[in-house]
Amino acid sequence: MSLPVSTPFDLTSRSIAYFSMEIALSPSLPTYSGGLGMLAGDTLRSAADTGAPMVAVSLVHRRGYFRQHLDAVGQQTESDVPWSPETTLPGAGKVITLQMQGRELLLRAWRFDVVGVTGHIIPVFLLDADVEGNDPWDRHLTDHLYGGDTYYRLCQETILGLGGIAILNALGCRPEVHHMNEGHAALLAIGLLEEHLQGAPLRDASEADIQAVRQQCVFTTHTPVPAGHDQFGLDQMYQVLGHDRATAIDRTGCLHNGLMNMTYIALRFSRYVNGVAMQHGKVSQDMFPSYPIHAITNGVHAATWLSQPFQQLLDTEVPAWRTDNQYFRSVYGIPAATIAATHRKGKLRLFAEVQNRTDQRFDPNVLTLGFARRVATYKRASLLFHNPARLEAIAEKIGGLQILFAGKAHHADNAGKGLIRDVFSAAANLTSSALKIVYLENYDWELGALLTQGVDVWVNTPRRPYEASGTSGMKAALNGVPSLSILDGWWIEGCAENVTGWAIEDGETEAEEAASLYDKLENSIAPMYGNPAAWAAMQRHCTAINGSFFNTHRMLAQYFGNSYYPSVATPETIAASASTIAIQDAVLV
Ligand SMILES: *Cc1c(COP(=O)(O)O)cnc(C)c1O
């Protein structure tokens, strides 16, 4: 078979390099696990649409994250998702050598092109350690996304950071800005320091050397959950990185509580740091008081998440939406009933797929809730079932209720797996035929799109303040779907009560929060759903108000203006602009 040929690519003009451990590049490639990878992919898709001078680096993940299997009681098992980059993607044409674990590691890369609406390309280099000549164990280092133990993980983060800088270098790419998407990529700073010192020992790096690297790095932190910040024992740090790099990390003040902490490396070596929603910026500022932390609220790539029927409607009514998402505001020029009818097509498509996968028949005239996300304890998938009797009573009273669940637990997260079984058993114990509940297997890109385009209300019940942003509710909003959610993450900014959705009120206990959820369902949501004109107006508000803001076109523009190329007012720039005004005034006189 003929392989795709690597076309020459001018990388010298690419001034921003985006580093991420996972990137969702295509529904058919298993190179992502969840929200972080989706955000990375959506960022690059918007960069391609808007002609941004970017390039990106990640790992190839030859065996993927995993495919989820659920048995009759909701017990999760996992299987690999192997794929073959050599028959799928062109090679980057270079092999580099990385010193790690006290030996040499050969790395190559595969190139995935993210192609924008005008044909602009963002090349993504997927690093691959499965190279002949490598130690047999090392050849598997780029196989499993978030697999293995901490030693395996540290090797992967070393490959991403140090290998990423080396491969860009080998390809003639010298970016001005390096964006660490999460602390996983922080070791790129050590790679830049090595370049800067040109062979001199890193442990002798001066503060000026560190400043030179800081000028080239920006960092986005993604979670207030402490376990989400990778840390490694010093023995592993010395073993994997070697004595010189490890000593430099220690001496530059990057250790925290006696451990090598990726977030602290990223903080120390970045000139700009941000959280992913306004509230998350504040929470992160409290976690890391010695570093100024800003906020840029996440978004989603509209053309990726908008249903086909909505895309057709907008292509007719406001075709400029593809390059400029601000035009989502213009859906106010489309009759609300048309928005509602367009949404219904997504609902029918979802229900056809549910029947296909599960043999369960859902009624398109019945109010349908969606709840799909990574299954982590703080996300509290079972809050909806806090009082099953009340939920059933509401379903009876309002003429029926349907709920679709989906979500994977990390393969080593037994508590998370227990939560999936809890949802199964709660559903099995229901007695009312007015309430229908289905848990769909293997939540991924395609299922995420189907669900956010097809349900009536998107539900999110995290324990505050652990939801840094959340993006699935943004996908729903674009498609005219309101949210019912705890006021955390993006929803603090996106919730206009009874206009774009509903807030679950804060409570002292889980019982109080569940009660608020039930109250909203019974007294606000169901009555509005029973009034088609009011519901259609709400659907249009979701797209107009939230779709026009919570997208990655807007988000990327904020990264450019605030993080990559900030136009910061300093005393010098203010003095300079004042003298320009004085000159203009003098000319006018
Ligand atoms: C959008 C998306 C996510 C992230 O959504 P959250 O709201 O952050 O939970 C995770 N997984 C998939 C498959 C998605 O499409």
# chains A, B, ... in the order shown; residues from 1 in each chain; ligands from 1

call {"tool": "residues_around", "arguments": {"residues": "region 295-302 of chain A", "least_positions_apart": "6", "cutoff": "7 Å", "atoms": "only C-alpha atoms", "output": "JSON, numbers by chain"}}
result
{"A": [39, 42, 45, 46, 274, 275, 276, 277, 278, 281, 469, 471, 474, 475, 550, 551, 552, 555, 558]}

call {"tool": "write_last_selection", "arguments": {"atoms": "N, CA, C and O atoms", "output": "mmCIF file, in the first residue's frame"}}
result
data_model
loop_
_atom_site.group_PDB
_atom_site.id
_atom_site.type_symbol
_atom_site.label_atom_id
_atom_site.label_comp_id
_atom_site.auth_asym_id
_atom_site.auth_seq_id
_atom_site.Cartn_x
_atom_site.Cartn_y
_atom_site.Cartn_z
ATOM 1 N N LEU A 39 -10.183 19.962 24.508
ATOM 2 C CA LEU A 39 -9.864 21.387 24.495
ATOM 3 C C LEU A 39 -8.653 21.647 23.607
ATOM 4 O O LEU A 39 -8.644 22.602 22.815
ATOM 5 N N ASP A 42 -9.761 21.315 20.008
ATOM 6 C CA ASP A 42 -10.604 22.449 19.618
ATOM 7 C C ASP A 42 -9.770 23.725 19.464
ATOM 8 O O ASP A 42 -10.007 24.541 18.570
ATOM 9 N N ARG A 45 -8.072 23.460 16.160
ATOM 10 C CA ARG A 45 -9.028 23.635 15.054
ATOM 11 C C ARG A 45 -9.375 25.114 14.877
ATOM 12 O O ARG A 45 -9.482 25.604 13.743
ATOM 13 N N SER A 46 -9.502 25.833 15.978
ATOM 14 C CA SER A 46 -9.744 27.271 15.846
ATOM 15 C C SER A 46 -8.495 27.982 15.330
ATOM 16 O O SER A 46 -8.589 28.942 14.555
ATOM 17 N N ASN A 274 -2.390 30.982 33.429
ATOM 18 C CA ASN A 274 -3.838 31.198 33.543
ATOM 19 C C ASN A 274 -4.595 29.941 33.932
ATOM 20 O O ASN A 274 -4.169 28.817 33.650
ATOM 21 N N GLY A 275 -5.728 30.169 34.584
ATOM 22 C CA GLY A 275 -6.724 29.133 34.808
ATOM 23 C C GLY A 275 -7.730 29.172 33.676
ATOM 24 O O GLY A 275 -7.659 30.041 32.791
ATOM 25 N N VAL A 276 -8.707 28.240 33.671
ATOM 26 C CA VAL A 276 -9.553 28.029 32.491
ATOM 27 C C VAL A 276 -10.989 28.534 32.634
ATOM 28 O O VAL A 276 -11.840 28.231 31.795
ATOM 29 N N ALA A 277 -11.262 29.276 33.715
ATOM 30 C CA ALA A 277 -12.515 30.016 33.861
ATOM 31 C C ALA A 277 -12.233 31.064 34.939
ATOM 32 O O ALA A 277 -11.229 30.954 35.663
ATOM 33 N N MET A 278 -13.070 32.068 35.049
ATOM 34 C CA MET A 278 -12.769 33.166 35.977
ATOM 35 C C MET A 278 -12.617 32.647 37.409
ATOM 36 O O MET A 278 -11.662 32.972 38.110
ATOM 37 N N GLY A 281 -9.428 30.714 37.915
ATOM 38 C CA GLY A 281 -8.271 31.600 38.073
ATOM 39 C C GLY A 281 -8.098 31.985 39.542
ATOM 40 O O GLY A 281 -6.994 31.940 40.084
ATOM 41 N N SER A 469 -13.473 24.197 34.610
ATOM 42 C CA SER A 469 -14.316 24.872 33.625
ATOM 43 C C SER A 469 -15.485 23.970 33.260
ATOM 44 O O SER A 469 -16.631 24.253 33.547
ATOM 45 N N THR A 471 -16.589 21.722 29.625
ATOM 46 C CA THR A 471 -16.847 22.222 28.279
ATOM 47 C C THR A 471 -18.051 21.549 27.625
ATOM 48 O O THR A 471 -18.576 22.065 26.642
ATOM 49 N N MET A 474 -20.961 23.704 27.188
ATOM 50 C CA MET A 474 -20.805 24.706 26.120
ATOM 51 C C MET A 474 -21.233 24.117 24.773
ATOM 52 O O MET A 474 -21.832 24.789 23.942
ATOM 53 N N LYS A 475 -20.892 22.824 24.568
ATOM 54 C CA LYS A 475 -21.312 22.145 23.327
ATOM 55 C C LYS A 475 -22.838 22.110 23.275
ATOM 56 O O LYS A 475 -23.449 22.343 22.224
ATOM 57 N N PHE A 550 -18.721 31.165 24.403
ATOM 58 C CA PHE A 550 -17.965 29.998 24.902
ATOM 59 C C PHE A 550 -17.466 29.136 23.749
ATOM 60 O O PHE A 550 -17.784 27.944 23.646
ATOM 61 N N ASN A 551 -16.698 29.762 22.867
ATOM 62 C CA ASN A 551 -16.118 29.049 21.729
ATOM 63 C C ASN A 551 -14.609 29.285 21.703
ATOM 64 O O ASN A 551 -14.111 30.243 22.306
ATOM 65 N N THR A 552 -13.882 28.397 21.016
ATOM 66 C CA THR A 552 -12.413 28.513 21.018
ATOM 67 C C THR A 552 -11.909 29.619 20.089
ATOM 68 O O THR A 552 -10.747 30.019 20.216
ATOM 69 N N MET A 555 -11.758 32.267 22.632
ATOM 70 C CA MET A 555 -10.735 31.879 23.617
ATOM 71 C C MET A 555 -9.331 32.091 23.061
ATOM 72 O O MET A 555 -8.465 32.665 23.714
ATOM 73 N N GLN A 558 -8.238 35.576 22.976
ATOM 74 C CA GLN A 558 -7.799 36.028 24.305
ATOM 75 C C GLN A 558 -6.392 35.528 24.633
ATOM 76 O O GLN A 558 -5.604 36.243 25.251
#

call {"tool": "select_by_dssp", "arguments": {"residues": "region 201-287 of chain A", "states": "strand (DSSP E)", "output": "list in words"}}
result
Cys217, Val218, Phe219, Thr220, Gln231, Phe232, Leu255, His256, Leu259, Met260, Asn261, Tyr272, Val273, Asn274 and Gly275 of chain A

call {"tool": "atom_distance", "arguments": {"atom1": "CA of Leu255 (chain A)", "atom2": "CA of Gly34 (chain A)"}}
result
28.4 Å

call {"tool": "atom_distance", "arguments": {"atom1": "CA of Tyr518 (chain A)", "atom2": "CA of Trp535 (chain A)"}}
result
18.9 Å

call {"tool": "residues_around", "arguments": {"residues": "Ser15 (chain A)", "least_positions_apart": "4", "cutoff": "7 Å", "atoms": "only C-alpha atoms", "output": "ChimeraX atom specification"}}
result
/A:53-54,174-177

call {"tool": "write_last_selection", "arguments": {"atoms": "C-alpha atoms", "output": "PDB file, in the first residue's frame"}}
result
ATOM      1  CA  PRO A  53       1.040  30.676  13.202  1.00  0.00           C
ATOM      2  CA  MET A  54       1.009  27.620  15.452  1.00  0.00           C
ATOM      3  CA  ARG A 174      12.116  28.047  16.540  1.00  0.00           C
ATOM      4  CA  PRO A 175       8.959  29.291  18.223  1.00  0.00           C
ATOM      5  CA  GLU A 176       8.865  32.496  20.265  1.00  0.00           C
ATOM      6  CA  VAL A 177       6.092  31.220  22.520  1.00  0.00           C
TER       7      VAL A 177
END

call {"tool": "residues_around", "arguments": {"residues": "Leu435 (chain A)", "least_positions_apart": "4", "cutoff": "8 Å", "atoms": "only C-alpha atoms", "output": "MDAnalysis selection string"}}
result
chainID A and resid 392 395:396 400:403 430

call {"tool": "select_by_dssp", "arguments": {"residues": "region 351-415 of chain A", "states": "alpha helix (DSSP H)", "output": "PyMOL selection string"}}
result
chain A and resi 351-358+388-397+414-415

call {"tool": "residues_near_ligand", "arguments": {"ligand": "ligand 1", "cutoff": "10 Å", "atoms": "only C-alpha atoms and all ligand atoms", "output": "VMD selection string"}}
result
chain A and resid 24 27 32 to 39 42 298 to 300 305 371 to 376 379 406 to 408 442 to 452 458 to 460 462 467 to 476 489 to 490

call {"tool": "residues_around", "arguments": {"residues": "region 212-222 of chain A", "least_positions_apart": "2", "cutoff": "7 Å", "atoms": "only C-alpha atoms", "output": "ChimeraX atom specification"}}
result
/A:176-183,189,192-193,208-210,266,269-276,468,563

call {"tool": "closest_residue", "arguments": {"among": "A:Arg380, A:Arg14, A:Arg322, A:Arg139", "to": "Asp49 (chain A)", "atoms": "only C-alpha atoms"}}
result
A:Arg322

call {"tool": "atom_distance", "arguments": {"atom1": "CA of Asp506 (chain A)", "atom2": "CA of Asp519 (chain A)"}}
result
13.0 Å

call {"tool": "closest_residue", "arguments": {"among": "A:Gly51, A:Pro309, A:Gly530, A:Pro226", "to": "Ser284 (chain A)", "atoms": "only C-alpha atoms"}}
result
A:Pro226

call {"tool": "residues_around", "arguments": {"residues": "Ser330 (chain A)", "least_positions_apart": "6", "cutoff": "10 Å", "atoms": "only C-alpha atoms", "output": "MDAnalysis selection string"}}
result
chainID A and resid 314 317:318 321 543:545 548

call {"tool": "write_last_selection", "arguments": {"atoms": "C-alpha atoms", "output": "CSV table (one decimal), in the first residue's frame"}}
result
chain,number,residue,atom,x,y,z
A,314,LEU,CA,-26.4,28.8,9.9
A,317,GLU,CA,-28.6,32.4,7.5
A,318,VAL,CA,-25.2,33.7,8.8
A,321,TRP,CA,-20.1,32.0,11.5
A,543,THR,CA,-27.0,29.7,21.1
A,544,ALA,CA,-27.1,33.5,20.9
A,545,ILE,CA,-25.7,34.3,24.3
A,548,SER,CA,-21.2,33.4,20.8

call {"tool": "residues_around", "arguments": {"residues": "Asn365 (chain A)", "least_positions_apart": "4", "cutoff": "12 Å", "atoms": "only C-alpha atoms", "output": "PyMOL selection string"}}
result
chain A and resi 344+347-348+351+398-402+455-456+529-530+532

call {"tool": "write_last_selection", "arguments": {"atoms": "C-alpha atoms", "output": "PDB file, in the first residue's frame"}}
result
ATOM      1  CA  ARG A 344     -35.524  18.255  17.305  1.00  0.00           C
ATOM      2  CA  LYS A 347     -32.934  14.660  19.307  1.00  0.00           C
ATOM      3  CA  LEU A 348     -34.335  12.185  16.775  1.00  0.00           C
ATOM      4  CA  PHE A 351     -32.746   8.463  19.939  1.00  0.00           C
ATOM      5  CA  ILE A 398     -44.669  15.975  34.583  1.00  0.00           C
ATOM      6  CA  GLY A 399     -45.678  13.338  32.050  1.00  0.00           C
ATOM      7  CA  GLY A 400     -42.471  11.341  31.907  1.00  0.00           C
ATOM      8  CA  LEU A 401     -38.735  11.841  32.198  1.00  0.00           C
ATOM      9  CA  GLN A 402     -35.824  10.233  30.303  1.00  0.00           C
ATOM     10  CA  VAL A 455     -30.903  15.985  24.818  1.00  0.00           C
ATOM     11  CA  ASP A 456     -33.169  18.749  26.141  1.00  0.00           C
ATOM     12  CA  TYR A 529     -40.847  22.473  28.642  1.00  0.00           C
ATOM     13  CA  GLY A 530     -44.637  22.262  28.589  1.00  0.00           C
ATOM     14  CA  PRO A 532     -43.159  25.179  23.449  1.00  0.00           C
TER      15      PRO A 532
END
